[in-house]
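Asks: Structure file structure-v4.txt, compact mmCIF, C-alpha atoms, is pasted below:
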# COMPACT_ATOMS: atom_id res chain seq x y z
CA MET A 501 -11.67 -44.17 55.03
CA CYS A 502 -11.93 -40.43 55.52
CA LYS A 503 -10.74 -40.86 59.09
CA GLY A 504 -7.73 -42.82 57.86
CA LEU A 505 -6.77 -40.09 55.41
CA ALA A 506 -7.12 -37.49 58.15
CA THR A 507 -4.52 -39.29 60.24
CA LEU A 508 -1.93 -39.14 57.40
CA PRO A 509 0.78 -36.46 57.63
CA ALA A 510 0.15 -33.23 55.68
CA THR A 511 3.22 -33.89 53.47
CA CYS A 512 1.75 -37.19 52.27
CA LEU A 513 -1.56 -35.55 51.41
CA LYS A 514 0.28 -32.87 49.46
CA SER A 515 2.27 -35.50 47.56
CA ALA A 516 -0.92 -37.38 46.76
CA LYS A 517 -2.50 -34.21 45.39
CA ASP A 518 0.58 -33.48 43.25
CA ILE A 519 0.48 -36.99 41.82
CA LYS A 520 -3.22 -36.61 41.05
CA HIS A 521 -2.58 -33.33 39.18
CA LYS A 522 0.26 -34.87 37.17
CA ILE A 523 -1.88 -37.86 36.20
CA SER A 524 -4.70 -35.52 35.13
CA PHE A 525 -2.26 -33.46 33.05
CA LEU A 526 -0.85 -36.55 31.35
CA LEU A 527 -4.34 -37.79 30.53
CA GLN A 528 -5.26 -34.44 28.97
CA LYS A 529 -1.96 -33.96 27.08
CA PRO A 530 -2.75 -36.11 23.99
CA GLU A 531 -5.73 -33.93 23.07
CA PRO A 532 -3.79 -30.75 22.18
CA GLN A 533 -1.17 -32.95 20.47
CA THR A 534 -3.88 -34.47 18.28
CA THR A 535 -5.12 -30.98 17.42
CA TYR A 536 -1.59 -29.89 16.55
CA GLN A 537 -1.08 -32.91 14.31
CA LYS A 538 -4.36 -32.14 12.56
CA GLN A 539 -3.30 -28.51 11.98
CA THR A 540 0.09 -29.69 10.72
CA LYS A 541 -1.55 -32.04 8.23
CA GLU A 542 -3.85 -29.26 7.05
CA LYS A 543 -0.92 -26.88 6.61
CA THR A 544 1.02 -29.55 4.71
CA ALA A 545 -1.95 -30.20 2.44
CA ASN A 546 -2.48 -26.49 1.83
CA GLY A 547 1.23 -26.00 1.17
CA ALA A 548 1.22 -28.83 -1.36
CA ALA A 549 -1.84 -27.36 -3.07
CA HIS A 550 -0.21 -23.92 -3.29
CA ALA A 551 3.02 -25.45 -4.57
CA ALA A 552 1.12 -27.38 -7.23
CA ALA A 553 -0.75 -24.22 -8.28
CA ALA A 554 2.51 -22.27 -8.44
CA ALA A 555 4.13 -25.02 -10.51
CA ALA A 556 1.19 -25.06 -12.92
CA ALA A 557 1.33 -21.27 -13.27
CA ALA A 558 5.10 -21.41 -13.87
CA ALA A 559 4.63 -24.10 -16.51
CA LYS A 560 2.26 -21.84 -18.41
CA ARG A 561 4.92 -19.14 -18.54
CA VAL A 562 7.56 -21.46 -19.98
CA PRO A 563 7.55 -21.64 -23.79
CA SER A 564 7.37 -25.01 -25.46
CA ALA A 565 10.38 -26.29 -27.40
CA ALA A 566 8.61 -25.37 -30.65
CA GLU A 567 7.91 -21.83 -29.43
CA GLY A 568 11.50 -21.39 -28.29
CA GLU A 569 12.78 -22.44 -31.71
CA GLU A 570 10.36 -20.08 -33.46
CA TRP A 571 11.53 -17.17 -31.31
CA LYS A 572 15.09 -17.91 -32.37
CA GLU A 573 14.09 -17.93 -36.02
CA SER A 574 12.73 -14.40 -36.19
CA PHE A 575 11.68 -11.42 -34.12
CA SER A 576 8.25 -11.48 -35.79
CA HIS A 577 7.54 -14.82 -34.09
CA VAL A 578 8.28 -13.25 -30.71
CA MET A 579 6.02 -10.28 -31.40
CA SER A 580 3.17 -12.38 -32.76
CA SER A 581 3.09 -14.49 -29.61
CA LYS A 582 1.45 -13.18 -26.43
CA LEU A 583 3.87 -15.22 -24.33
CA GLY A 584 6.74 -14.11 -26.55
CA ARG A 585 5.92 -10.43 -26.02
CA SER A 586 5.59 -11.03 -22.28
CA VAL A 587 9.00 -12.72 -22.01
CA PHE A 588 10.65 -10.15 -24.27
CA THR A 589 9.12 -7.34 -22.19
CA SER A 590 10.71 -8.89 -19.08
CA PHE A 591 14.06 -8.75 -20.86
CA LEU A 592 13.52 -5.12 -21.92
CA ARG A 593 12.65 -4.28 -18.33
CA SER A 594 15.99 -5.67 -17.24
CA GLU A 595 17.66 -3.32 -19.75
CA PHE A 596 15.52 -0.34 -18.73
CA SER A 597 13.98 -0.06 -22.20
CA GLN A 598 10.48 -1.38 -21.58
CA GLU A 599 9.03 1.86 -23.01
CA ASN A 600 9.75 0.53 -26.51
CA MET A 601 7.36 -2.39 -26.10
CA ASP A 602 4.84 -0.25 -24.22
CA PHE A 603 4.81 2.25 -27.09
CA TRP A 604 4.46 -0.47 -29.73
CA VAL A 605 1.53 -2.04 -27.86
CA ALA A 606 -0.08 1.39 -27.36
CA CYS A 607 0.12 1.96 -31.12
CA GLU A 608 -1.51 -1.40 -31.80
CA ASP A 609 -4.31 -0.64 -29.34
CA TYR A 610 -4.72 2.83 -30.84
CA LYS A 611 -5.58 1.36 -34.23
CA ASN A 612 -8.61 -0.29 -32.65
CA THR A 613 -9.74 2.84 -30.84
CA ASN A 614 -13.18 4.26 -31.49
CA PRO A 615 -12.72 6.96 -34.19
CA SER A 616 -14.45 9.51 -31.97
CA LYS A 617 -11.57 9.10 -29.47
CA PHE A 618 -8.69 9.20 -31.94
CA THR A 619 -7.68 12.78 -31.16
CA THR A 620 -7.70 12.36 -27.38
CA ARG A 621 -5.87 9.03 -27.42
CA ALA A 622 -3.32 10.19 -30.03
CA LYS A 623 -2.40 13.17 -27.87
CA GLN A 624 -2.01 10.92 -24.83
CA ILE A 625 0.37 8.58 -26.65
CA TYR A 626 2.33 11.51 -28.09
CA GLN A 627 2.70 13.13 -24.67
CA GLN A 628 3.65 9.84 -23.02
CA TYR A 629 6.16 8.45 -25.54
CA VAL A 630 6.96 10.70 -28.51
CA LYS A 631 7.33 14.25 -27.29
CA ALA A 632 10.87 15.33 -26.38
CA ASP A 633 11.48 14.70 -22.68
CA ALA A 634 8.26 12.66 -22.43
CA PRO A 635 7.93 10.50 -19.26
CA ASN A 636 8.59 7.33 -21.30
CA GLU A 637 10.29 8.84 -24.34
CA VAL A 638 11.24 6.38 -27.06
CA ASN A 639 14.29 6.73 -29.29
CA LEU A 640 13.08 8.44 -32.49
CA ASP A 641 15.01 10.66 -34.87
CA ALA A 642 13.98 14.30 -35.20
CA ALA A 643 12.33 13.83 -38.61
CA THR A 644 10.09 10.97 -37.43
CA ARG A 645 9.22 12.88 -34.26
CA ASP A 646 8.16 15.93 -36.28
CA VAL A 647 6.09 13.88 -38.74
CA THR A 648 4.35 12.13 -35.87
CA LYS A 649 3.57 15.45 -34.21
CA GLN A 650 1.95 16.69 -37.42
CA ASN A 651 -0.02 13.43 -37.78
CA VAL A 652 -1.38 13.73 -34.24
CA GLU A 653 -2.85 17.14 -35.08
CA ASN A 654 -5.03 15.35 -37.65
CA ALA A 655 -5.39 12.04 -35.86
CA CYS A 656 -6.12 8.96 -37.96
CA PRO A 657 -5.51 5.19 -37.55
CA SER A 658 -2.07 5.40 -39.21
CA CYS A 659 -0.68 8.52 -37.54
CA PHE A 660 1.87 6.50 -35.48
CA ASP A 661 2.80 4.01 -38.19
CA GLU A 662 6.18 5.51 -39.02
CA ALA A 663 7.22 5.90 -35.40
CA GLN A 664 5.97 2.43 -34.52
CA LYS A 665 7.91 0.90 -37.39
CA MET A 666 11.10 2.66 -36.28
CA ILE A 667 10.78 1.34 -32.72
CA TYR A 668 9.99 -2.15 -34.00
CA THR A 669 13.17 -2.08 -36.10
CA LEU A 670 15.17 -0.78 -33.16
CA MET A 671 14.00 -3.66 -30.97
CA GLU A 672 14.64 -6.18 -33.75
CA LYS A 673 18.14 -5.00 -34.65
CA ASP A 674 19.31 -4.18 -31.15
CA SER A 675 17.44 -5.68 -28.17
CA TYR A 676 16.34 -8.89 -29.88
CA ARG A 677 19.92 -10.01 -30.59
CA ARG A 678 20.89 -9.61 -26.94
CA PHE A 679 17.63 -11.27 -25.90
CA LEU A 680 18.57 -14.48 -27.74
CA ASN A 681 21.84 -14.72 -25.80
CA SER A 682 20.43 -13.47 -22.51
CA LYS A 683 20.40 -15.30 -19.19
CA LEU A 684 16.62 -15.10 -19.30
CA MET A 685 16.44 -17.22 -22.45
CA LYS A 686 19.03 -19.67 -21.11
CA ASP A 687 17.07 -20.02 -17.87
CA LEU A 688 13.87 -20.65 -19.81
CA CYS A 689 15.59 -23.39 -21.81
CA GLN A 690 16.89 -25.01 -18.63
CA THR A 691 13.44 -24.82 -17.03
CA ARG A 692 11.87 -26.37 -20.12
CA LYS A 693 14.41 -29.20 -20.12
CA ALA A 694 13.90 -29.83 -16.41
CA ALA A 695 10.13 -29.91 -16.89
CA ALA A 696 10.50 -32.37 -19.77
CA GLU A 697 12.76 -34.63 -17.69
CA GLU A 698 10.34 -34.50 -14.76
CA LYS A 699 7.46 -35.41 -17.06
CA LYS A 700 9.47 -38.32 -18.47
CA GLU A 701 10.33 -39.62 -14.99
CA LYS A 702 6.72 -39.32 -13.89
CA LYS A 703 5.62 -41.31 -16.92
CA LYS A 704 8.13 -44.05 -16.04
CA CYS A 705 6.89 -44.16 -12.44
CA ASP A 706 3.27 -44.34 -13.55
CA SER A 707 4.09 -47.18 -15.94
CA ALA A 708 5.94 -49.08 -13.21
CA GLU A 709 3.02 -48.64 -10.80
CA ASN A 710 0.57 -49.86 -13.43
CA ARG A 711 2.69 -52.96 -14.11
CA GLN A 712 2.95 -53.63 -10.40
CA ALA A 713 -0.83 -53.26 -9.99
CA VAL A 714 -1.45 -55.68 -12.86
CA THR A 715 1.05 -58.20 -11.44
CA GLY A 716 -0.44 -57.91 -7.98
CA GLY A 717 -3.94 -58.32 -9.34
CA ALA A 718 -2.92 -61.45 -11.23
Mind turning the file's structure into structure tokens?

Replies:
Amino acid sequence: MCKGLATLPATCLKSAKDIKHKISFLLQKPEPQTTYQKQTKEKTANGAAHAAAAAAAAAKRVPSAAEGEEWKESFSHVMSSKLGRSVFTSFLRSEFSQENMDFWVACEDYKNTNPSKFTTRAKQIYQQYVKADAPNEVNLDAATRDVTKQNVENACPSCFDEAQKMIYTLMEKDSYRRFLNSKLMKDLCQTRKAAAEEKKEKKKCDSAENRQAVTGGA
């Protein structure tokens, strides 16, 4: 047999070798394809998991219908809700007035400060929000600013009460009204409606599948 191959022309031997290489390549080709398909499936599964996690996180940020109605009823409902304050802060940020909420929250936190740290913390809040030309100066009248300055010199739990009340009123009478008619609130309502519709459709599909399973089992 070897002698017979030796008598073949060199071009035939070369062609035979080329065919052998091509056959070997074709036989090996499915393996990387299988690996690729496996990686694709893994990526798809991971993408679906991330999408589900993102959807769940988004759902937690969307107020319920009851919460939305309460926020429309009064500003106090917005401020008493952690989610309400978070959404309202997002709106204030869009209007470049987030310092009002930051100051109000700082005042609330201050009331729970250890008495031994009242003086230090009071000065920090005053320097950050109350002092004229402060980095995050809030809109206070001169009289309230002066009273607050005097209160800080003898720090106590209520030394920011007057200033905090003024900023609360400012947010309620000014920002809150625009908040109710803002695109942010409208988008939240649309998202809530879409989520409710999706939940309703899912319930219908689940019911149909259950009926089909029962019928098939029978």

Asks: What does the structure give for the distance between CA of Ser590 in chain A and CA of Ser675 in chain A, in Å to one decimal?

Replies: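 About the pair CA of Ser590 in chain A and CA of Ser675 in chain A: they are 11.8 Å apart.
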
Asks: In Å, rounded to a single decimal, give me how far CA of Leu680 in chain A is from CA of Lys611 in chain A.

Replies: 29.6 Å

Asks: Would you kindly return, as a list in words, each protein, DNA or RNA residue with an atom no farther than 10 Å from any atom of Met579 in chain A, considering only C-alpha atoms and excluding same-chain residues fewer than 6 positions away?

Replies: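 My list of contacting residues is Trp571, Arg585, Ser586, Phe588, Met601, Tyr668 and Glu672 of chain A.
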
Asks: Could you tell me how far CA of Lys704 in chain A lies from CA of Thr691 in chain A, in Å and to one decimal?

Replies: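 So the answer is 20.0 Å.
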
Asks: For Ser574 in chain A, which residue out of A:Ile625, A:Phe596, A:Tyr676, A:Gln690 is the nearest one, using only C-alpha atoms?

Replies: A:Tyr676

Asks: Generate the missing atoms of range 589-600 of chain A up to all heavy atoms and report them as an mmCIF file, keeping the file's coordinate frame.

Replies:
data_model
loop_
_atom_site.group_PDB
_atom_site.id
_atom_site.type_symbol
_atom_site.label_atom_id
_atom_site.label_comp_id
_atom_site.auth_asym_id
_atom_site.auth_seq_id
_atom_site.Cartn_x
_atom_site.Cartn_y
_atom_site.Cartn_z
ATOM 1 N N THR A 589 9.325 -8.539 -23.015
ATOM 2 C CA THR A 589 9.120 -7.340 -22.190
ATOM 3 C C THR A 589 9.899 -7.461 -20.880
ATOM 4 O O THR A 589 10.473 -6.474 -20.402
ATOM 5 C CB THR A 589 7.628 -7.125 -21.886
ATOM 6 O OG1 THR A 589 6.917 -6.934 -23.110
ATOM 7 C CG2 THR A 589 7.416 -5.897 -21.004
ATOM 8 N N SER A 590 9.934 -8.663 -20.307
ATOM 9 C CA SER A 590 10.710 -8.890 -19.080
ATOM 10 C C SER A 590 12.192 -8.606 -19.334
ATOM 11 O O SER A 590 12.875 -8.022 -18.491
ATOM 12 C CB SER A 590 10.539 -10.337 -18.598
ATOM 13 O OG SER A 590 9.202 -10.589 -18.241
ATOM 14 N N PHE A 591 12.656 -9.018 -20.516
ATOM 15 C CA PHE A 591 14.060 -8.750 -20.860
ATOM 16 C C PHE A 591 14.289 -7.246 -21.030
ATOM 17 O O PHE A 591 15.280 -6.707 -20.536
ATOM 18 C CB PHE A 591 14.420 -9.475 -22.156
ATOM 19 C CG PHE A 591 15.764 -9.080 -22.707
ATOM 20 C CD1 PHE A 591 16.929 -9.514 -22.090
ATOM 21 C CD2 PHE A 591 15.870 -8.260 -23.823
ATOM 22 C CE1 PHE A 591 18.184 -9.132 -22.583
ATOM 23 C CE2 PHE A 591 17.105 -7.881 -24.323
ATOM 24 C CZ PHE A 591 18.261 -8.314 -23.694
ATOM 25 N N LEU A 592 13.381 -6.570 -21.727
ATOM 26 C CA LEU A 592 13.520 -5.120 -21.920
ATOM 27 C C LEU A 592 13.517 -4.389 -20.582
ATOM 28 O O LEU A 592 14.247 -3.412 -20.398
ATOM 29 C CB LEU A 592 12.376 -4.589 -22.796
ATOM 30 C CG LEU A 592 12.360 -5.040 -24.259
ATOM 31 C CD1 LEU A 592 11.133 -4.478 -24.971
ATOM 32 C CD2 LEU A 592 13.631 -4.604 -24.985
ATOM 33 N N ARG A 593 12.704 -4.891 -19.663
ATOM 34 C CA ARG A 593 12.650 -4.280 -18.330
ATOM 35 C C ARG A 593 14.003 -4.373 -17.648
ATOM 36 O O ARG A 593 14.425 -3.442 -16.961
ATOM 37 C CB ARG A 593 11.568 -4.960 -17.499
ATOM 38 C CG ARG A 593 11.249 -4.257 -16.176
ATOM 39 C CD ARG A 593 10.172 -4.995 -15.392
ATOM 40 N NE ARG A 593 8.928 -5.036 -16.148
ATOM 41 C CZ ARG A 593 8.348 -6.149 -16.576
ATOM 42 N NH1 ARG A 593 8.897 -7.325 -16.317
ATOM 43 N NH2 ARG A 593 7.218 -6.105 -17.248
ATOM 44 N N SER A 594 14.677 -5.485 -17.850
ATOM 45 C CA SER A 594 15.990 -5.670 -17.240
ATOM 46 C C SER A 594 17.023 -4.727 -17.855
ATOM 47 O O SER A 594 18.052 -4.428 -17.239
ATOM 48 C CB SER A 594 16.464 -7.118 -17.396
ATOM 49 O OG SER A 594 16.801 -7.409 -18.756
ATOM 50 N N GLU A 595 16.752 -4.259 -19.075
ATOM 51 C CA GLU A 595 17.660 -3.320 -19.750
ATOM 52 C C GLU A 595 17.161 -1.878 -19.668
ATOM 53 O O GLU A 595 17.721 -0.984 -20.298
ATOM 54 C CB GLU A 595 17.791 -3.710 -21.231
ATOM 55 C CG GLU A 595 18.559 -4.984 -21.464
ATOM 56 C CD GLU A 595 19.153 -5.048 -22.855
ATOM 57 O OE1 GLU A 595 18.563 -4.487 -23.812
ATOM 58 O OE2 GLU A 595 20.230 -5.654 -22.995
ATOM 59 N N PHE A 596 16.097 -1.673 -18.903
ATOM 60 C CA PHE A 596 15.520 -0.340 -18.730
ATOM 61 C C PHE A 596 15.061 0.275 -20.056
ATOM 62 O O PHE A 596 15.235 1.468 -20.311
ATOM 63 C CB PHE A 596 16.512 0.607 -18.034
ATOM 64 C CG PHE A 596 17.001 0.092 -16.721
ATOM 65 C CD1 PHE A 596 18.237 -0.523 -16.622
ATOM 66 C CD2 PHE A 596 16.218 0.187 -15.575
ATOM 67 C CE1 PHE A 596 18.687 -1.032 -15.409
ATOM 68 C CE2 PHE A 596 16.654 -0.319 -14.365
ATOM 69 C CZ PHE A 596 17.895 -0.927 -14.270
ATOM 70 N N SER A 597 14.492 -0.569 -20.921
ATOM 71 C CA SER A 597 13.980 -0.060 -22.200
ATOM 72 C C SER A 597 12.568 -0.597 -22.480
ATOM 73 O O SER A 597 12.197 -0.789 -23.626
ATOM 74 C CB SER A 597 14.928 -0.435 -23.336
ATOM 75 O OG SER A 597 15.104 -1.842 -23.401
ATOM 76 N N GLN A 598 11.818 -0.836 -21.443
ATOM 77 C CA GLN A 598 10.480 -1.380 -21.580
ATOM 78 C C GLN A 598 9.545 -0.426 -22.329
ATOM 79 O O GLN A 598 8.554 -0.845 -22.921
ATOM 80 C CB GLN A 598 9.886 -1.675 -20.197
ATOM 81 C CG GLN A 598 8.499 -2.334 -20.253
ATOM 82 C CD GLN A 598 7.912 -2.564 -18.871
ATOM 83 O OE1 GLN A 598 8.623 -2.543 -17.870
ATOM 84 N NE2 GLN A 598 6.606 -2.786 -18.810
ATOM 85 N N GLU A 599 9.883 0.872 -22.329
ATOM 86 C CA GLU A 599 9.030 1.860 -23.010
ATOM 87 C C GLU A 599 8.863 1.552 -24.491
ATOM 88 O O GLU A 599 7.839 1.901 -25.100
ATOM 89 C CB GLU A 599 9.573 3.282 -22.824
ATOM 90 C CG GLU A 599 10.896 3.587 -23.510
ATOM 91 C CD GLU A 599 12.104 3.131 -22.716
ATOM 92 O OE1 GLU A 599 11.923 2.604 -21.605
ATOM 93 O OE2 GLU A 599 13.241 3.311 -23.210
ATOM 94 N N ASN A 600 9.858 0.870 -25.086
ATOM 95 C CA ASN A 600 9.750 0.530 -26.510
ATOM 96 C C ASN A 600 8.571 -0.422 -26.765
ATOM 97 O O ASN A 600 7.778 -0.207 -27.685
ATOM 98 C CB ASN A 600 11.054 -0.107 -27.005
ATOM 99 C CG ASN A 600 12.196 0.882 -27.049
ATOM 100 O OD1 ASN A 600 11.992 2.071 -27.277
ATOM 101 N ND2 ASN A 600 13.410 0.406 -26.817
#
